[in-house]
$ cat data.txt   # compact mmCIF, C-alpha atoms
# COMPACT_ATOMS: atom_id res chain seq x y z
CA MET U 1 18.48 95.93 -74.60
CA SER U 2 16.94 94.16 -71.59
CA GLN U 3 20.26 92.49 -70.86
CA LEU U 4 21.97 95.85 -70.76
CA LEU U 5 19.23 97.15 -68.51
CA ASN U 6 19.73 94.15 -66.24
CA SER U 7 23.43 94.68 -65.89
CA LEU U 8 22.96 98.40 -65.27
CA THR U 9 20.36 97.67 -62.59
CA THR U 10 22.68 95.18 -60.90
CA GLU U 11 25.46 97.71 -60.98
CA LEU U 12 23.17 100.36 -59.51
CA ARG U 13 22.15 98.06 -56.68
CA ARG U 14 25.54 96.62 -55.87
CA GLY U 15 26.76 99.51 -53.77
CA THR U 16 23.56 99.73 -51.76
CA LEU U 17 23.69 96.09 -50.66
CA THR U 18 26.34 96.73 -48.02
CA LEU U 19 24.21 99.48 -46.56
CA ALA U 20 21.11 97.27 -46.59
CA VAL U 21 22.94 94.43 -44.86
CA LEU U 22 24.53 96.69 -42.25
CA SER U 23 21.14 98.21 -41.46
CA GLN U 24 19.73 94.81 -40.51
CA LEU U 25 22.67 93.76 -38.36
CA ARG U 26 21.93 96.02 -35.39
CA THR U 27 20.46 92.86 -33.94
CA PRO U 28 22.30 89.57 -34.41
CA GLN U 29 21.23 87.67 -37.50
CA TYR U 30 22.29 84.47 -39.15
CA GLY U 31 22.55 84.07 -42.90
CA TYR U 32 19.10 82.87 -43.76
CA SER U 33 17.25 85.12 -41.29
CA LEU U 34 19.02 88.04 -42.92
CA VAL U 35 17.85 86.91 -46.36
CA GLN U 36 14.28 86.74 -45.11
CA LEU U 37 14.49 90.15 -43.43
CA LEU U 38 15.79 91.75 -46.61
CA GLU U 39 13.27 89.97 -48.82
CA GLY U 40 10.53 91.11 -46.45
CA SER U 41 11.51 94.69 -47.29
CA GLY U 42 11.52 93.87 -50.97
CA ILE U 43 15.28 93.74 -51.33
CA ILE U 44 16.31 90.73 -53.37
CA ILE U 45 19.89 89.77 -52.74
CA ASP U 46 21.70 87.04 -54.55
CA GLN U 47 22.64 84.51 -51.88
CA SER U 48 25.94 83.80 -53.56
CA THR U 49 26.68 87.50 -52.98
CA LEU U 50 25.37 87.75 -49.44
CA TYR U 51 27.43 85.09 -47.67
CA PRO U 52 30.77 86.21 -49.05
CA LEU U 53 29.73 89.80 -48.26
CA LEU U 54 29.16 88.90 -44.60
CA ARG U 55 32.64 87.42 -44.38
CA ARG U 56 34.17 90.46 -45.99
CA LEU U 57 32.40 92.74 -43.51
CA GLU U 58 33.78 90.59 -40.71
CA LYS U 59 37.28 90.82 -42.11
CA GLN U 60 36.87 94.61 -42.28
CA GLU U 61 35.85 94.48 -38.60
CA LEU U 62 32.49 96.07 -39.26
CA VAL U 63 30.68 93.02 -37.87
CA THR U 64 31.58 90.29 -35.42
CA SER U 65 30.40 86.72 -35.60
CA SER U 66 29.74 83.89 -33.16
CA TRP U 67 28.51 80.35 -33.44
CA ASP U 68 25.36 79.46 -31.54
CA THR U 69 25.37 75.73 -30.88
CA SER U 70 22.56 75.63 -28.29
CA GLU U 71 19.96 74.59 -30.85
CA SER U 72 19.87 71.42 -32.91
CA ARG U 73 21.32 73.22 -35.91
CA PRO U 74 24.41 75.34 -35.22
CA ARG U 75 24.10 78.85 -36.62
CA LYS U 76 26.59 81.59 -37.23
CA TYR U 77 25.32 84.93 -36.00
CA TYR U 78 26.59 88.27 -37.27
CA VAL U 79 26.16 91.60 -35.46
CA LEU U 80 27.47 95.13 -35.96
CA SER U 81 30.61 96.01 -34.02
CA ALA U 82 30.95 99.45 -32.39
CA TYR U 83 33.12 100.48 -35.32
CA GLY U 84 30.58 99.01 -37.72
CA ALA U 85 27.75 100.98 -36.11
CA GLU U 86 29.74 104.17 -36.50
CA ILE U 87 30.49 103.47 -40.13
CA PHE U 88 26.88 102.49 -40.76
CA LEU U 89 25.58 105.85 -39.48
CA LYS U 90 27.99 107.77 -41.68
CA LEU U 91 27.19 105.64 -44.70
CA LYS U 92 23.47 106.11 -44.06
CA GLU U 93 23.89 109.89 -43.92
CA GLU U 94 25.85 109.76 -47.14
CA TRP U 95 23.14 107.71 -48.80
CA MET U 96 20.35 110.05 -47.66
CA LYS U 97 22.24 113.02 -49.01
CA ASN U 98 22.95 111.30 -52.32
CA ALA U 99 19.38 110.10 -52.65
CA LYS U 100 18.04 113.61 -52.13
CA GLU U 101 20.45 115.08 -54.64
CA LEU U 102 19.70 112.45 -57.22
CA TYR U 103 15.99 112.79 -56.62
CA SER U 104 16.00 116.52 -57.25
CA LEU U 105 18.20 115.96 -60.28
CA LEU U 106 15.78 113.42 -61.74
CA GLU U 107 12.74 115.49 -60.86
CA GLY U 108 14.29 118.50 -62.58
CA GLY U 109 14.80 116.39 -65.66
CA GLU U 110 11.17 115.38 -65.70
CA LYS U 111 10.00 118.99 -65.53
CA ASP U 112 12.11 119.79 -68.57
CA GLY U 113 10.20 117.16 -70.47
CA PHE U 114 12.75 114.33 -70.32
CA ASN U 115 11.49 111.11 -68.99
CA MET Q 1 21.75 64.80 -48.42
CA ASP Q 2 24.36 63.62 -50.87
CA LEU Q 3 23.82 66.48 -53.31
CA ILE Q 4 24.23 69.00 -50.50
CA LYS Q 5 27.50 67.42 -49.41
CA ILE Q 6 28.81 67.47 -52.95
CA TYR Q 7 27.73 71.09 -53.41
CA ILE Q 8 29.58 72.16 -50.26
CA GLN Q 9 32.63 70.21 -51.32
CA GLU Q 10 32.53 71.89 -54.73
CA VAL Q 11 32.61 75.29 -53.03
CA THR Q 12 35.17 74.62 -50.35
CA ARG Q 13 37.74 72.83 -52.49
CA ARG Q 14 38.21 76.13 -54.32
CA LEU Q 15 38.93 77.99 -51.09
CA PRO Q 16 42.07 78.40 -48.98
CA GLU Q 17 42.50 75.56 -46.47
CA LYS Q 18 42.09 77.67 -43.35
CA ASN Q 19 38.58 78.92 -44.18
CA ARG Q 20 37.18 75.67 -45.50
CA GLU Q 21 35.75 74.18 -42.33
CA ASP Q 22 33.98 77.29 -41.13
CA ILE Q 23 32.46 78.09 -44.50
CA ALA Q 24 31.35 74.47 -44.96
CA LEU Q 25 29.62 74.51 -41.57
CA GLU Q 26 27.91 77.83 -42.27
CA LEU Q 27 26.80 76.70 -45.72
CA SER Q 28 25.30 73.48 -44.44
CA SER Q 29 23.52 75.38 -41.66
CA THR Q 30 22.15 77.87 -44.19
CA ILE Q 31 20.98 75.14 -46.53
CA GLY Q 32 19.27 73.46 -43.58
CA ASP Q 33 17.48 76.75 -42.81
CA MET Q 34 16.28 77.07 -46.37
CA LEU Q 35 14.85 73.54 -46.51
CA PRO Q 36 11.48 72.65 -44.97
CA ASP Q 37 11.51 70.11 -42.12
CA GLU Q 38 10.44 67.27 -44.38
CA TYR Q 39 12.09 67.74 -47.72
CA SER Q 40 12.23 65.98 -51.04
CA ASP Q 41 14.94 65.83 -53.66
CA GLU Q 42 13.15 68.57 -55.51
CA ASP Q 43 13.37 70.88 -52.50
CA VAL Q 44 17.11 70.28 -52.38
CA ASN Q 45 17.40 71.06 -56.08
CA SER Q 46 15.53 74.34 -55.79
CA VAL Q 47 17.58 75.44 -52.76
CA LEU Q 48 20.86 74.68 -54.50
CA GLU Q 49 19.63 76.50 -57.57
CA LYS Q 50 18.96 79.56 -55.44
CA LEU Q 51 22.52 79.44 -54.11
CA GLY Q 52 23.79 79.32 -57.66
CA SER Q 53 26.91 77.85 -59.21
CA PRO Q 54 29.42 76.65 -56.59
CA VAL Q 55 32.22 78.16 -58.68
CA ALA Q 56 30.61 81.61 -58.51
CA LEU Q 57 30.01 81.25 -54.79
CA ALA Q 58 33.62 80.22 -54.17
CA TYR Q 59 34.80 83.17 -56.27
CA GLY Q 60 32.79 85.47 -53.99
CA TYR Q 61 34.62 84.12 -50.94
CA ARG Q 62 38.07 84.59 -52.38
CA ASP Q 63 39.76 87.91 -51.86
CA LYS Q 64 42.78 87.18 -54.03
CA PRO Q 65 42.48 88.44 -57.59
CA MET Q 66 41.49 85.84 -60.15
CA TYR Q 67 43.42 87.54 -62.93
CA LEU Q 68 47.09 87.67 -63.77
CA ILE Q 69 47.60 91.35 -64.47
CA GLY Q 70 45.05 93.89 -63.30
CA PRO Q 71 44.22 97.38 -64.50
CA ARG Q 72 47.05 98.88 -62.47
CA TYR Q 73 49.78 97.28 -64.51
CA PHE Q 74 48.02 96.35 -67.71
CA ASP Q 75 48.83 99.62 -69.45
CA VAL Q 76 52.56 99.52 -68.75
CA TYR Q 77 52.64 95.79 -69.51
CA VAL Q 78 51.08 96.10 -72.95
CA SER Q 79 53.16 99.06 -74.07
CA LEU Q 80 56.33 97.25 -73.04
CA LEU Q 81 55.28 94.09 -74.88
CA LYS Q 82 54.50 96.03 -78.04
CA MET Q 83 57.92 97.59 -77.99
CA ILE Q 84 59.94 94.53 -77.16
CA PHE Q 85 58.28 92.04 -79.50
CA PRO Q 86 59.51 93.46 -82.82
CA ILE Q 87 62.98 93.75 -81.33
CA ALA Q 88 62.87 90.11 -80.28
CA LEU Q 89 61.92 89.24 -83.84
CA ILE Q 90 64.83 91.16 -85.33
CA VAL Q 91 67.28 89.65 -82.87
CA SER Q 92 66.08 86.18 -83.79
CA PHE Q 93 66.38 86.98 -87.49
CA ILE Q 94 70.00 87.97 -87.02
CA SER Q 95 70.79 84.83 -85.07
CA ILE Q 96 69.14 82.72 -87.77
CA PHE Q 97 71.32 84.46 -90.30
CA ALA Q 98 74.36 83.63 -88.17
CA GLU Q 99 73.32 80.00 -88.31
CA TYR Q 100 72.94 80.23 -92.09
CA THR Q 101 76.43 81.56 -92.74
CA THR Q 102 78.13 78.64 -91.02
CA GLY Q 103 75.76 75.72 -91.05
CA TYR Q 104 75.29 75.13 -94.77
CA SER Q 105 77.73 74.91 -97.61
CA GLU Q 106 77.29 71.68 -99.52
CA GLU Q 107 73.51 71.51 -99.74
CA SER Q 108 71.20 72.77 -102.44
CA LEU Q 109 69.50 76.14 -102.26
CA ILE Q 110 65.99 74.71 -101.90
CA LYS Q 111 67.04 72.50 -99.01
CA VAL Q 112 68.69 75.43 -97.32
CA MET Q 113 65.64 77.63 -97.83
CA VAL Q 114 63.23 75.05 -96.42
CA SER Q 115 65.39 74.32 -93.42
CA LEU Q 116 65.98 78.04 -92.81
CA LEU Q 117 62.30 78.78 -93.01
CA SER Q 118 61.35 76.06 -90.55
CA LYS Q 119 64.19 77.02 -88.24
CA GLY Q 120 63.17 80.65 -88.56
CA ILE Q 121 59.58 80.01 -87.57
CA LEU Q 122 60.72 77.86 -84.67
CA THR Q 123 63.21 80.46 -83.41
CA ILE Q 124 60.70 83.29 -83.66
CA PHE Q 125 58.19 81.17 -81.79
CA GLU Q 126 60.72 80.28 -79.09
CA VAL Q 127 61.99 83.81 -78.64
CA GLY Q 128 58.42 85.15 -78.59
CA ILE Q 129 57.33 82.69 -75.92
CA GLN Q 130 60.40 83.46 -73.83
CA PHE Q 131 59.83 87.20 -73.95
CA LEU Q 132 56.14 86.83 -73.23
CA PHE Q 133 56.81 84.51 -70.33
CA TRP Q 134 59.47 86.55 -68.57
CA ILE Q 135 57.78 89.89 -68.96
CA THR Q 136 54.46 88.44 -67.84
CA LEU Q 137 56.10 86.74 -64.87
CA VAL Q 138 57.65 90.01 -63.70
CA PHE Q 139 54.28 91.78 -63.92
CA VAL Q 140 52.37 88.95 -62.21
CA ILE Q 141 54.80 89.15 -59.30
CA LEU Q 142 54.43 92.94 -59.22
CA GLU Q 143 50.65 92.61 -59.25
CA ARG Q 144 50.70 90.29 -56.25
CA THR Q 145 53.40 91.92 -54.18
CA ASP Q 146 52.61 95.60 -54.60
CA LYS Q 147 50.00 96.36 -51.97
CA GLY Q 148 50.80 100.06 -51.86
CA ASN Q 149 49.33 102.84 -53.91
CA ASN Q 150 45.76 101.98 -52.77
CA GLY Q 151 45.08 99.97 -55.89
CA GLN Q 152 45.37 103.02 -58.08
CA PRO Q 153 46.38 102.53 -61.70
CA LEU Q 154 50.02 103.21 -62.34
CA THR Q 155 51.19 106.11 -64.36
CA ALA Q 156 54.27 105.86 -66.51
CA THR Q 157 56.31 107.18 -63.57
CA PHE Q 158 55.08 104.41 -61.23
CA LYS Q 159 53.60 106.95 -58.81
CA LYS Q 160 50.05 107.78 -57.84
CA TRP Q 161 48.53 110.23 -60.29
CA LYS Q 162 48.41 113.87 -59.29
CA PRO Q 163 47.08 116.83 -61.26
CA GLU Q 164 50.64 118.16 -61.17
CA ASP Q 165 51.57 115.24 -63.44
CA LEU Q 166 49.81 117.06 -66.21
CA LYS Q 167 52.42 119.78 -66.06
CA ASP Q 168 54.96 117.30 -67.36
CA ILE Q 169 52.81 115.96 -70.16
CA PRO Q 170 51.17 118.41 -72.56
CA TYR Q 171 52.70 121.31 -74.40
CA ILE Q 172 56.08 119.72 -74.79
CA PRO Q 173 57.46 121.41 -77.89
CA LYS Q 174 57.56 118.87 -80.71
CA LYS Q 175 61.30 119.15 -81.14
CA LYS Q 176 61.87 118.41 -77.47
CA THR Q 177 59.79 115.25 -77.14
CA ILE Q 178 61.31 111.82 -77.03
CA SER Q 179 59.03 109.86 -79.29
CA ARG Q 180 58.15 106.20 -78.95
CA ILE Q 181 59.88 105.71 -82.27
CA GLU Q 182 63.10 107.11 -80.84
CA ILE Q 183 62.79 104.74 -77.87
CA PHE Q 184 62.07 101.87 -80.20
CA GLY Q 185 65.03 102.81 -82.38
CA SER Q 186 67.38 102.87 -79.39
CA LEU Q 187 66.17 99.47 -78.18
CA LEU Q 188 66.50 98.06 -81.68
CA TRP Q 189 70.02 99.41 -82.02
CA ILE Q 190 71.07 97.83 -78.72
CA GLY Q 191 69.52 94.54 -79.81
CA ILE Q 192 71.34 94.58 -83.13
CA TRP Q 193 74.82 95.49 -81.99
CA ALA Q 194 74.67 93.16 -79.00
CA THR Q 195 73.66 90.28 -81.27
CA LEU Q 196 76.40 91.22 -83.73
CA TYR Q 197 78.93 91.26 -80.91
CA PHE Q 198 78.10 87.83 -79.58
CA TYR Q 199 77.81 86.30 -83.06
CA ALA Q 200 80.60 88.34 -84.68
CA GLU Q 201 82.52 85.29 -85.87
CA ARG Q 202 79.49 84.09 -87.81
CA LEU Q 203 78.18 87.40 -89.09
CA LEU Q 204 80.88 90.00 -89.69
CA GLY Q 205 83.51 89.63 -92.34
CA VAL Q 206 83.99 89.14 -96.04
CA TYR Q 207 81.25 87.34 -97.88
CA THR Q 208 81.39 85.77 -101.31
CA GLY Q 209 78.23 85.32 -103.26
CA SER Q 210 77.55 82.31 -105.44
CA LEU Q 211 74.61 80.20 -106.60
CA GLU Q 212 74.57 78.48 -103.24
CA GLY Q 213 74.05 81.79 -101.50
CA LEU Q 214 76.30 83.91 -99.36
CA LYS Q 215 79.29 82.43 -97.69
CA LEU Q 216 81.44 84.01 -94.99
CA VAL Q 217 84.98 83.43 -96.22
CA ALA Q 218 86.96 85.63 -93.86
CA PRO Q 219 85.51 86.48 -90.45
CA MET Q 220 86.54 89.93 -89.31
CA PHE Q 221 87.15 89.37 -85.60
CA ASN Q 222 88.95 86.84 -83.47
CA GLN Q 223 85.91 85.82 -81.50
CA GLU Q 224 87.99 84.63 -78.56
CA ILE Q 225 89.71 87.98 -78.13
CA LEU Q 226 86.52 89.90 -78.82
CA LEU Q 227 84.53 87.95 -76.26
CA ARG Q 228 87.09 88.64 -73.53
CA TYR Q 229 85.42 91.99 -73.18
CA TRP Q 230 82.01 90.61 -72.34
CA PRO Q 231 81.79 92.17 -68.83
CA LEU Q 232 82.49 95.56 -70.37
CA ILE Q 233 79.84 94.96 -73.02
CA ILE Q 234 77.29 93.91 -70.39
CA ILE Q 235 77.97 97.15 -68.50
CA VAL Q 236 77.47 99.19 -71.67
CA ILE Q 237 74.25 97.30 -72.51
CA GLY Q 238 72.96 97.83 -68.96
CA LEU Q 239 73.78 101.53 -69.06
CA GLU Q 240 72.13 101.99 -72.46
CA LEU Q 241 69.00 100.09 -71.39
CA THR Q 242 68.73 102.19 -68.24
CA PHE Q 243 69.09 105.30 -70.34
CA VAL Q 244 66.32 104.16 -72.72
CA LEU Q 245 64.01 103.47 -69.78
CA TYR Q 246 64.87 106.85 -68.32
CA LYS Q 247 64.07 108.54 -71.63
CA LEU Q 248 60.78 106.62 -71.82
CA ILE Q 249 59.75 107.83 -68.37
CA LYS Q 250 60.90 111.43 -68.87
CA GLY Q 251 59.35 111.75 -72.31
CA GLN Q 252 61.29 114.87 -73.19
CA TRP Q 253 64.83 116.15 -73.38
CA THR Q 254 65.89 117.88 -70.21
CA LYS Q 255 69.29 118.88 -68.95
CA ARG Q 256 69.45 115.70 -66.88
CA VAL Q 257 68.55 113.53 -69.84
CA ALA Q 258 71.26 115.29 -71.83
CA ILE Q 259 73.81 114.70 -69.06
CA PHE Q 260 72.84 111.03 -68.81
CA ASN Q 261 73.18 110.84 -72.59
CA THR Q 262 76.69 112.32 -72.36
CA VAL Q 263 77.78 109.81 -69.71
CA GLN Q 264 76.31 106.97 -71.73
CA GLU Q 265 77.99 108.10 -74.93
CA LEU Q 266 81.37 108.57 -73.24
CA VAL Q 267 81.30 105.15 -71.58
CA GLY Q 268 80.35 103.60 -74.92
CA ALA Q 269 83.17 105.44 -76.68
CA VAL Q 270 85.77 104.42 -74.09
CA ALA Q 271 84.62 100.79 -74.34
CA PHE Q 272 84.86 100.93 -78.13
CA ILE Q 273 88.37 102.39 -78.06
CA ILE Q 274 89.59 99.85 -75.48
CA ILE Q 275 88.31 97.03 -77.65
CA ILE Q 276 89.46 98.29 -81.04
CA VAL Q 277 93.09 98.91 -80.02
CA THR Q 278 93.46 95.33 -78.74
CA PRO Q 279 96.22 93.53 -80.65
CA ASN Q 280 95.13 90.58 -82.80
CA LEU Q 281 91.52 91.65 -82.62
CA LEU Q 282 91.16 91.28 -86.38
CA THR Q 283 91.81 87.95 -88.02
CA LEU Q 284 94.77 87.48 -90.32
CA GLU Q 285 92.52 86.23 -93.11
CA PHE Q 286 90.52 89.42 -92.97
CA ILE Q 287 93.56 91.67 -92.92
CA ASP Q 288 95.13 89.73 -95.81
CA TYR Q 289 91.99 89.96 -97.84
CA MET Q 290 91.63 93.70 -97.29
CA THR Q 291 95.29 94.57 -97.88
CA GLU Q 292 95.16 92.67 -101.15
CA LEU Q 293 91.91 94.31 -102.14
CA PHE Q 294 93.12 97.86 -101.56
CA SER Q 295 96.83 97.06 -102.17
CA ILE Q 296 98.07 98.62 -98.94
CA THR Q 297 100.29 97.23 -96.17
CA SER Q 298 98.76 95.66 -93.10
CA THR Q 299 100.12 98.47 -90.86
CA GLN Q 300 98.42 101.03 -93.07
CA PHE Q 301 95.25 99.01 -92.98
CA MET Q 302 95.28 98.71 -89.18
CA SER Q 303 95.87 102.39 -88.63
CA LEU Q 304 93.07 103.10 -91.11
CA ILE Q 305 90.67 100.84 -89.19
CA ILE Q 306 91.63 102.11 -85.74
CA GLY Q 307 91.96 105.74 -86.78
CA GLY Q 308 88.86 105.73 -88.93
CA GLY Q 309 86.81 103.83 -86.37
CA ILE Q 310 87.73 106.15 -83.54
CA PHE Q 311 87.23 109.20 -85.72
CA ILE Q 312 83.72 108.18 -86.84
CA LEU Q 313 82.77 107.17 -83.31
CA LEU Q 314 83.96 110.45 -81.76
CA ILE Q 315 82.15 112.50 -84.40
CA SER Q 316 78.87 110.65 -83.90
CA SER Q 317 79.16 110.74 -80.09
CA ALA Q 318 79.90 114.44 -80.13
CA MET Q 319 76.91 115.03 -82.40
CA SER Q 320 74.63 113.04 -80.14
CA ILE Q 321 75.86 114.85 -77.01
CA PHE Q 322 75.53 118.24 -78.66
CA ASP Q 323 72.08 117.38 -80.03
CA GLY Q 324 70.92 116.29 -76.56
CA PHE Q 325 71.88 119.60 -74.98
CA ARG Q 326 70.41 121.54 -77.90
CA LYS Q 327 67.03 119.79 -77.46
CA ALA Q 328 67.18 120.26 -73.71
CA LYS Q 329 67.54 124.00 -74.23
CA ILE Q 330 64.44 124.37 -76.42
CA GLY Q 331 61.45 125.90 -74.75
$ encode --input "data.txt" --output "structure tokens"
Amino acid sequence: MSQLLNSLTTELRRGTLTLAVLSQLRTPQYGYSLVQLLEGSGIIIDQSTLYPLLRRLEKQELVTSSWDTSESRPRKYYVLSAYGAEIFLKLKEEWMKNAKELYSLLEGGEKDGFN
Amino acid sequence: MDLIKIYIQEVTRRLPEKNREDIALELSSTIGDMLPDEYSDEDVNSVLEKLGSPVALAYGYRDKPMYLIGPRYFDVYVSLLKMIFPIALIVSFISIFAEYTTGYSEESLIKVMVSLLSKGILTIFEVGIQFLFWITLVFVILERTDKGNNGQPLTATFKKWKPEDLKDIPYIPKKKTISRIEIFGSLLWIGIWATLYFYAERLLGVYTGSLEGLKLVAPMFNQEILLRYWPLIIIVIGLELTFVLYKLIKGQWTKRVAIFNTVQELVGAVAFIIIIVTPNLLTLEFIDYMTELFSITSTQFMSLIIGGGIFILLISSAMSIFDGFRKAKIG
């Protein structure tokens, strides 16, 4: 039962991760700073999912990356590209719309006595 | 430090060469960020635990599929396997039988049975593995080379699904449909006659039964003369297989299917006639045996074989052609 719930929850969250990551990349971030930012907002992301996701976004040209070697530890920074910013806005709109629709759907269900 | 190095190596060795260095550098930088300035072995352990299994992490980085045949081809793959496997079995049974008619004469029945059984299992195993391997190989290559179609599952027609597809599927009158059984039957028939052709010397002819089992005493065909026609036979097999595939994709009798059927039947009939009128096609032993049996002359016997063969063939071809057009007209 709880295992099924777990896998359903993961599935539910999977699609939103891209949106969450894109939203934080308006300013350049490196891997671990991004993890902390997301965790600060209560979004737990599996790190073994996050790093490959960043690379995929780069391959899709939604973000660009650069190595900063000025500090003692070199860090790879990711930031939204112009194309990425455009996609992000559209995706955000889509999410808002979906969230509203789903919310009213769920609310309606509650009024009918389903919980 | 050592554990971290090993962890990174465990991830990167599963990745394509060109990405390894960059990912290794990023990983080690990330791990450094996650560790406090002064860290113990326990800190390292907890950080690596957070990152999870290196295999899973490496899998995340790979964009090539980690499966042989994906959902796009799986359907077509399985239905083809299901159809071809029983045919492979029957073909191997016939070839075992061919072995049996020539290989053993002096030995006892038990010995023959045991050796046949073990040979049979071995042949079936071999043929099965061969079929599985080649069909799988073709589909694995398809899976990796076909980038088109936007990753959509394939339909039986190998095109992207459209609602219009439905028009071709339901409400086919029962009498018009080409059933899987019909397809299977056609494939089986091709398998049987092709095997008989290539093993004719060992399979077709006059058998005598005794305690030691069946023995082929007079083969019917001169294998050498019969096998001269192999290019023709290959063409006929190719044409028939194409026709079966075409029927499988169409799923119902249409005018085109009926026309294809006609062409296929006519080519088959011409091939048959060319082969059967060849002089010396039948062995002398066989002709002698038959003429004695029915007390007729060999000329009479030959004209009976050629005439009868052609007559039966033309009747059955005509029926098949007619039947095809009749089914195409329904509905």
$ interface_residues --input "data.txt" --of "chain Q" --to "chain U" --cutoff "9 Å" --atoms "only C-alpha atoms" --output "list in words"
Leu25, Glu26, Leu27, Ser29, Thr30, Ile31, Gly32, Asp33, Met34, Lys50, Leu51, Gly52, Ser53, Pro54, Ala56, Leu57, Ala58, Tyr59, Gly60, Tyr61, Arg62 and Asp63 of chain Q
$ atom_distance --input "data.txt" --atom1 "atom CA of Ile276 of chain Q" --atom2 "atom CA of Met319 of chain Q"
21.0 Å
$ atom_distance --input "data.txt" --atom1 "atom CA of Leu245 of chain Q" --atom2 "atom CA of Ala271 of chain Q"
21.3 Å
$ atom_distance --input "data.txt" --atom1 "atom CA of Tyr39 of chain Q" --atom2 "atom CA of Tyr78 of chain U"
27.2 Å
$ residues_around --input "data.txt" --residues "Ser186 of chain Q" --least-positions-apart "5" --cutoff "9 Å" --atoms "all atoms listed in the file" --output "compact mmCIF listing (two decimals) with C-alpha atoms, keeping the file's coordinate frame"
# COMPACT_ATOMS: atom_id res chain seq x y z
CA ILE Q 181 59.88 105.71 -82.27
CA GLY Q 191 69.52 94.54 -79.81
CA GLU Q 240 72.13 101.99 -72.46
CA LEU Q 241 69.00 100.09 -71.39
CA VAL Q 244 66.32 104.16 -72.72
$ residues_around --input "data.txt" --residues "Ile273 of chain Q" --least-positions-apart "6" --cutoff "12 Å" --atoms "only C-alpha atoms" --output "list in words"
Tyr229, Leu232, Leu266, Val267, Ile305, Ile306, Gly307, Gly308, Gly309, Ile310, Phe311, Ile312, Leu313 and Leu314 of chain Q
